[in-house]
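Below: the structure, in structure tokens.
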Amino acid sequence: MPGPLEGKVALVAGATRGAGRGIAVELGAAGATVYVSGRSTRAQRSEYDRPETVEDTADLVTAAGGRGIAVPTDHLDPAAVRALVDRVDDEQGRLDVLVNDIWGAEHLFAWDAPVWEHDLDKGLRLLRLAVETHAITSHHALPLLLRRPGGLVVEMTDGTAEYNRDTYRVSFFYDLAKTSVLRMAFALGHELGPRGATAVALTPGWLRSEIMLDQFGVREENWRDALTEVPHFAISETPRYVGRAVAALAADPRLSRWNGQSLSSGGLAPVYGFTDLDGSRPDAWRYLVEVQDAGKPADVTGYR
């Protein structure tokens, strides 16, 4: 049976690991052809110096039932991004889904460091990687996406608009980056909506990314071992959960109802009926407000 996204073409910018990889795989599982881009390749790692590569992600997309195509790309390089989009155009003649998940700045921010104490070069580099890359990619990719009505642009961030409005996120540069991406989706909604496309901001919850699992010294198979150290980690989710959110959005004939909005994986799960890989539906942002930030003991009852 063909998947709901059979014949659709997606570009997941920043698909090497984490949410980007989860999104690419779930788009592939729905039948899409997925171009996956990023800087980490089997031939050369980015400054993260981690083992995940865009080629690995493309293989996972194909194994899931789609067609994964790896295109190593530095999204701070406008010429490289233009070449990437030109390749999609030459090979497919269309683009139905653009996911801007470029980040690459885990090593550049300091927790609770005020702007005058934060390393300035690292902070400005963070903004370039997290904000400028998204603008460059949208600039070059959106003309192709707009050729056909019904296109979807997903701006990936950390936190909903409501949560980030009221909550200081990590430090000045991190807070500014994640809030800027939320505003990007709002602005793109105004520009794309009248032209037949939809833009949304989307956040996962507490993501069990490769980096997060390594930080806690666990694997996906035994992630609950980390709860002895960080009990609230019980609300965490796999990257595939937010991937299923993107696949559901892309297949929704009423997609335009979400235009310009800030969405979350946990908020969309009951709307579309998808679950995480373990069959649960973690609602991390509601949990953070009502349990963790309220100073209550960890208890995910009613939240996953």
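To be explicit about the labels: the chains of the structure tokens are called A, B, and onward in the order shown, and within each one the residues are counted from 1, while ligands get numbers from 1 in the order they are shown.
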
Please identify every residue of segment 98-173 of chain A that has at least one atom no farther than 8 Å from an atom of segment 277-293 of chain A, counting only C-alpha atoms, and for each give the shortest atom pair and the distance in Å to one decimal, arranged by chain then increasing number, as JSON lines.
```
{"residue": "A:Gly159", "atom": "CA", "partner": "A:Trp285", "partner_atom": "CA", "distance": 7.5}
{"residue": "A:Thr160", "atom": "CA", "partner": "A:Trp285", "partner_atom": "CA", "distance": 7.7}
{"residue": "A:Tyr163", "atom": "CA", "partner": "A:Trp285", "partner_atom": "CA", "distance": 7.5}
```

Those same residues - all heavy atoms - I'd like them written as a CSV table (one decimal), in the first residue's frame.
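Generated file (part33.csv):
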```
chain,number,residue,atom,x,y,z
A,159,GLY,N,10.7,24.9,22.5
A,159,GLY,CA,9.7,25.6,23.3
A,159,GLY,C,8.6,26.2,22.4
A,159,GLY,O,8.8,26.6,21.3
A,160,THR,N,7.4,26.2,23.0
A,160,THR,CA,6.3,26.8,22.3
A,160,THR,C,6.3,28.3,22.5
A,160,THR,O,7.1,28.8,23.3
A,160,THR,CB,4.9,26.3,22.9
A,160,THR,OG1,4.9,26.7,24.3
A,160,THR,CG2,4.8,24.8,22.8
A,163,TYR,N,5.3,29.1,26.0
A,163,TYR,CA,6.2,28.8,27.1
A,163,TYR,C,7.4,29.7,27.0
A,163,TYR,O,7.9,30.3,28.0
A,163,TYR,CB,6.7,27.3,26.9
A,163,TYR,CG,7.6,26.9,28.1
A,163,TYR,CD1,7.0,26.4,29.2
A,163,TYR,CD2,9.0,27.0,28.0
A,163,TYR,CE1,7.8,26.0,30.3
A,163,TYR,CE2,9.8,26.5,29.0
A,163,TYR,CZ,9.2,26.0,30.2
A,163,TYR,OH,10.0,25.6,31.3
```

Please list as a tab-separated table (two decimals) with N, CA, C and O atoms, in the first residue's frame every residue within 12 Å of Glu6 of chain A, counting only C-alpha atoms and excluding residues in the same chain fewer than 6 positions away.
```
chain	number	residue	atom	x	y	z
A	27	LEU	N	9.06	10.84	7.61
A	27	LEU	CA	8.60	11.24	6.28
A	27	LEU	C	8.83	10.10	5.28
A	27	LEU	O	8.00	9.83	4.42
A	28	GLY	N	9.98	9.44	5.42
A	28	GLY	CA	10.24	8.28	4.57
A	28	GLY	C	9.27	7.15	4.83
A	28	GLY	O	8.79	6.50	3.90
A	29	ALA	N	8.95	6.91	6.09
A	29	ALA	CA	8.00	5.85	6.43
A	29	ALA	C	6.63	6.12	5.83
A	29	ALA	O	5.86	5.19	5.56
A	30	ALA	N	6.31	7.40	5.61
A	30	ALA	CA	5.04	7.77	4.99
A	30	ALA	C	5.12	7.75	3.46
A	30	ALA	O	4.14	8.07	2.79
A	31	GLY	N	6.29	7.39	2.92
A	31	GLY	CA	6.42	7.22	1.48
A	31	GLY	C	7.11	8.32	0.72
A	31	GLY	O	7.24	8.25	-0.51
A	32	ALA	N	7.58	9.36	1.41
A	32	ALA	CA	8.17	10.51	0.73
A	32	ALA	C	9.59	10.25	0.25
A	32	ALA	O	10.30	9.39	0.78
A	33	THR	N	9.99	11.00	-0.76
A	33	THR	CA	11.40	11.12	-1.13
A	33	THR	C	11.96	12.24	-0.27
A	33	THR	O	11.43	13.36	-0.27
A	34	VAL	N	13.03	11.96	0.46
A	34	VAL	CA	13.53	12.91	1.44
A	34	VAL	C	15.00	13.23	1.18
A	34	VAL	O	15.86	12.34	1.23
A	65	GLY	N	11.07	2.90	4.18
A	65	GLY	CA	10.10	2.78	3.10
A	65	GLY	C	10.06	3.93	2.13
A	65	GLY	O	9.34	3.90	1.13
A	66	GLY	N	10.84	4.97	2.40
A	66	GLY	CA	10.90	6.10	1.49
A	66	GLY	C	12.14	6.03	0.62
A	66	GLY	O	12.73	4.95	0.43
A	67	ARG	N	12.56	7.17	0.12
A	67	ARG	CA	13.80	7.25	-0.63
A	67	ARG	C	14.64	8.36	-0.02
A	67	ARG	O	14.27	9.53	-0.09
A	96	ASP	N	7.66	19.71	-1.67
A	96	ASP	CA	6.39	19.77	-0.95
A	96	ASP	C	6.55	20.11	0.53
A	96	ASP	O	5.65	20.68	1.12
A	247	ALA	N	5.05	14.31	9.73
A	247	ALA	CA	4.41	13.47	8.71
A	247	ALA	C	2.90	13.65	8.73
A	247	ALA	O	2.25	13.69	7.67
A	250	ALA	N	2.08	17.03	7.14
A	250	ALA	CA	2.29	17.02	5.69
A	250	ALA	C	1.18	16.27	4.96
A	250	ALA	O	0.92	16.55	3.78
A	251	ALA	N	0.52	15.33	5.62
A	251	ALA	CA	-0.54	14.54	4.99
A	251	ALA	C	-1.93	15.10	5.25
A	251	ALA	O	-2.92	14.56	4.74
```

- Running DSSP on the backbone, which parts of segment 33-269 of chain A land in alpha helix (DSSP H), as a ChimeraX atom specification? /A:54-64,78-92,120-127,133-145,161-166,172-192,210-216,239-250,265-269

- Mind checking DSSP for segment 67-176 of chain A and telling me the strand (DSSP E) residues as a VMD selection string? chain A and resid 67 to 72 97 to 100 152 to 156

- Message: At a cut-off of 6 Å, using only C-alpha atoms, what residues contact Leu207 of chain A? Leave out same-chain residues fewer than 2 positions from it and give the result as a ChimeraX atom specification.
- Response: /A:205,209,236-238

- Message: So that I can check the surroundings of segment 194-204 of chain A, please list as a ChimeraX atom specification every protein, DNA and RNA residue that reaches within 9 Å of it, counting only C-alpha atoms and ignoring chain neighbours fewer than 5 positions away.
- Response: /A:19,145-146,148-161,181-189,237-239,241-242,245-246,255-266,284-285

For those residues, write C-alpha atoms to a file as a PDB file, in the first residue's frame.
```pdb
ATOM      1  CA  ALA A  19      14.894  15.723  15.635  1.00  0.00           C
ATOM      2  CA  LEU A 145       8.016  24.919  -2.779  1.00  0.00           C
ATOM      3  CA  LEU A 146       5.544  27.570  -3.962  1.00  0.00           C
ATOM      4  CA  ARG A 148       2.522  23.840  -6.272  1.00  0.00           C
ATOM      5  CA  PRO A 149      -0.196  24.681  -3.752  1.00  0.00           C
ATOM      6  CA  GLY A 150      -0.268  22.908  -0.417  1.00  0.00           C
ATOM      7  CA  GLY A 151       3.399  23.123   0.559  1.00  0.00           C
ATOM      8  CA  LEU A 152       4.526  22.937   4.184  1.00  0.00           C
ATOM      9  CA  VAL A 153       7.394  24.734   5.919  1.00  0.00           C
ATOM     10  CA  VAL A 154       8.332  23.601   9.429  1.00  0.00           C
ATOM     11  CA  GLU A 155      10.554  25.806  11.558  1.00  0.00           C
ATOM     12  CA  MET A 156      12.005  23.601  14.287  1.00  0.00           C
ATOM     13  CA  THR A 157      12.708  25.242  17.634  1.00  0.00           C
ATOM     14  CA  ASP A 158      12.817  24.535  21.364  1.00  0.00           C
ATOM     15  CA  GLY A 159       9.713  25.607  23.263  1.00  0.00           C
ATOM     16  CA  THR A 160       6.265  26.787  22.302  1.00  0.00           C
ATOM     17  CA  ALA A 161       5.544  30.472  21.789  1.00  0.00           C
ATOM     18  CA  VAL A 181      12.748  30.854  14.990  1.00  0.00           C
ATOM     19  CA  LEU A 182       9.244  31.026  16.466  1.00  0.00           C
ATOM     20  CA  ARG A 183       8.852  34.481  14.952  1.00  0.00           C
ATOM     21  CA  MET A 184      10.192  33.223  11.618  1.00  0.00           C
ATOM     22  CA  ALA A 185       7.283  30.798  11.372  1.00  0.00           C
ATOM     23  CA  PHE A 186       4.839  33.583  12.192  1.00  0.00           C
ATOM     24  CA  ALA A 187       6.317  35.831   9.496  1.00  0.00           C
ATOM     25  CA  LEU A 188       6.471  33.022   6.938  1.00  0.00           C
ATOM     26  CA  GLY A 189       2.833  32.268   7.648  1.00  0.00           C
ATOM     27  CA  GLU A 237      10.409  11.397  23.960  1.00  0.00           C
ATOM     28  CA  THR A 238      12.212   9.901  20.975  1.00  0.00           C
ATOM     29  CA  PRO A 239      13.034  11.964  17.867  1.00  0.00           C
ATOM     30  CA  TYR A 241       7.666  11.348  17.933  1.00  0.00           C
ATOM     31  CA  VAL A 242       8.149  14.819  16.479  1.00  0.00           C
ATOM     32  CA  ALA A 245       4.026  15.090  13.972  1.00  0.00           C
ATOM     33  CA  VAL A 246       5.623  16.433  10.773  1.00  0.00           C
ATOM     34  CA  LEU A 255      -3.078  21.771   6.822  1.00  0.00           C
ATOM     35  CA  SER A 256      -3.714  25.486   6.330  1.00  0.00           C
ATOM     36  CA  ARG A 257      -5.623  25.677   9.645  1.00  0.00           C
ATOM     37  CA  TRP A 258      -2.242  25.654  11.407  1.00  0.00           C
ATOM     38  CA  ASN A 259      -0.650  28.454   9.370  1.00  0.00           C
ATOM     39  CA  GLY A 260       1.644  30.696  11.407  1.00  0.00           C
ATOM     40  CA  GLN A 261       1.047  28.802  14.635  1.00  0.00           C
ATOM     41  CA  SER A 262       3.397  27.422  17.268  1.00  0.00           C
ATOM     42  CA  LEU A 263       2.880  23.664  17.702  1.00  0.00           C
ATOM     43  CA  SER A 264       4.376  20.814  19.714  1.00  0.00           C
ATOM     44  CA  SER A 265       4.672  17.069  19.240  1.00  0.00           C
ATOM     45  CA  GLY A 266       2.700  16.440  22.427  1.00  0.00           C
ATOM     46  CA  ALA A 284       6.206  17.618  27.742  1.00  0.00           C
ATOM     47  CA  TRP A 285       5.373  21.316  27.650  1.00  0.00           C
TER      48      TRP A 285
END
```

Tell me, as a tab-separated table (two decimals) with N, CA, C and O atoms, in the first residue's frame, which residues lie within 9 Å of Glu132 of chain A, counting only C-alpha atoms; anything in the same chain fewer than 5 positions away does not count.
```tsv
chain	number	residue	atom	x	y	z
A	75	HIS	N	24.69	25.07	5.61
A	75	HIS	CA	23.58	25.99	5.38
A	75	HIS	C	23.92	27.44	5.71
A	75	HIS	O	23.06	28.32	5.56
A	76	LEU	N	25.15	27.70	6.11
A	76	LEU	CA	25.62	29.09	6.20
A	76	LEU	C	26.21	29.56	4.89
A	76	LEU	O	26.55	30.74	4.75
A	127	LEU	N	23.99	32.28	16.97
A	127	LEU	CA	22.92	32.97	16.25
A	127	LEU	C	23.02	32.72	14.74
A	127	LEU	O	22.00	32.56	14.06
A	137	THR	N	18.18	29.21	3.92
A	137	THR	CA	17.53	28.04	3.33
A	137	THR	C	16.14	28.39	2.81
A	137	THR	O	15.76	27.99	1.70
```

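Near Asp74 of chain A, within a cut-off of 10 Å and counting only C-alpha atoms, sit the residues A:Ala13, A:Gly14, A:Ser37, A:Gly38, A:Arg39, A:Ser40, A:Ser46, A:Val71, A:Asp77, A:Pro78, A:Ala79, A:Ala80, A:Val81, A:Leu84, A:Ile102, A:Leu129, A:Thr133, with same-chain residues fewer than 3 positions away left out.
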
- Query: Quick one: residues within 10 Å of Gly93 of chain A, only C-alpha atoms counted, chain neighbours fewer than 3 positions away excluded, as a VMD selection string?
  - Reply: chain A and resid 9 86 to 90 144 to 145 147

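Shortest separation to Gly68 of chain A among A:Arg169, A:Arg21, A:Arg304, A:Lys122 occurs at residue A:Arg21, atoms counted being only C-alpha atoms.
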
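Distance-wise, atom CA of Arg17 of chain A and atom CA of Ala83 of chain A end up 22.2 Å apart.
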
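Going from atom CA of Leu249 of chain A over to atom CA of Val271 of chain A, you cover 10.4 Å.
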
- Expressed in Å to a single decimal, how great is the separation between atom CA of Trp223 of chain A and atom CA of Asp276 of chain A? 14.4 Å

- Note on the structure: Between A:Ala105, A:Leu192, A:Ala63, A:Leu227, smallest distance to Val131 of chain A by only C-alpha atoms belongs to A:Ala105
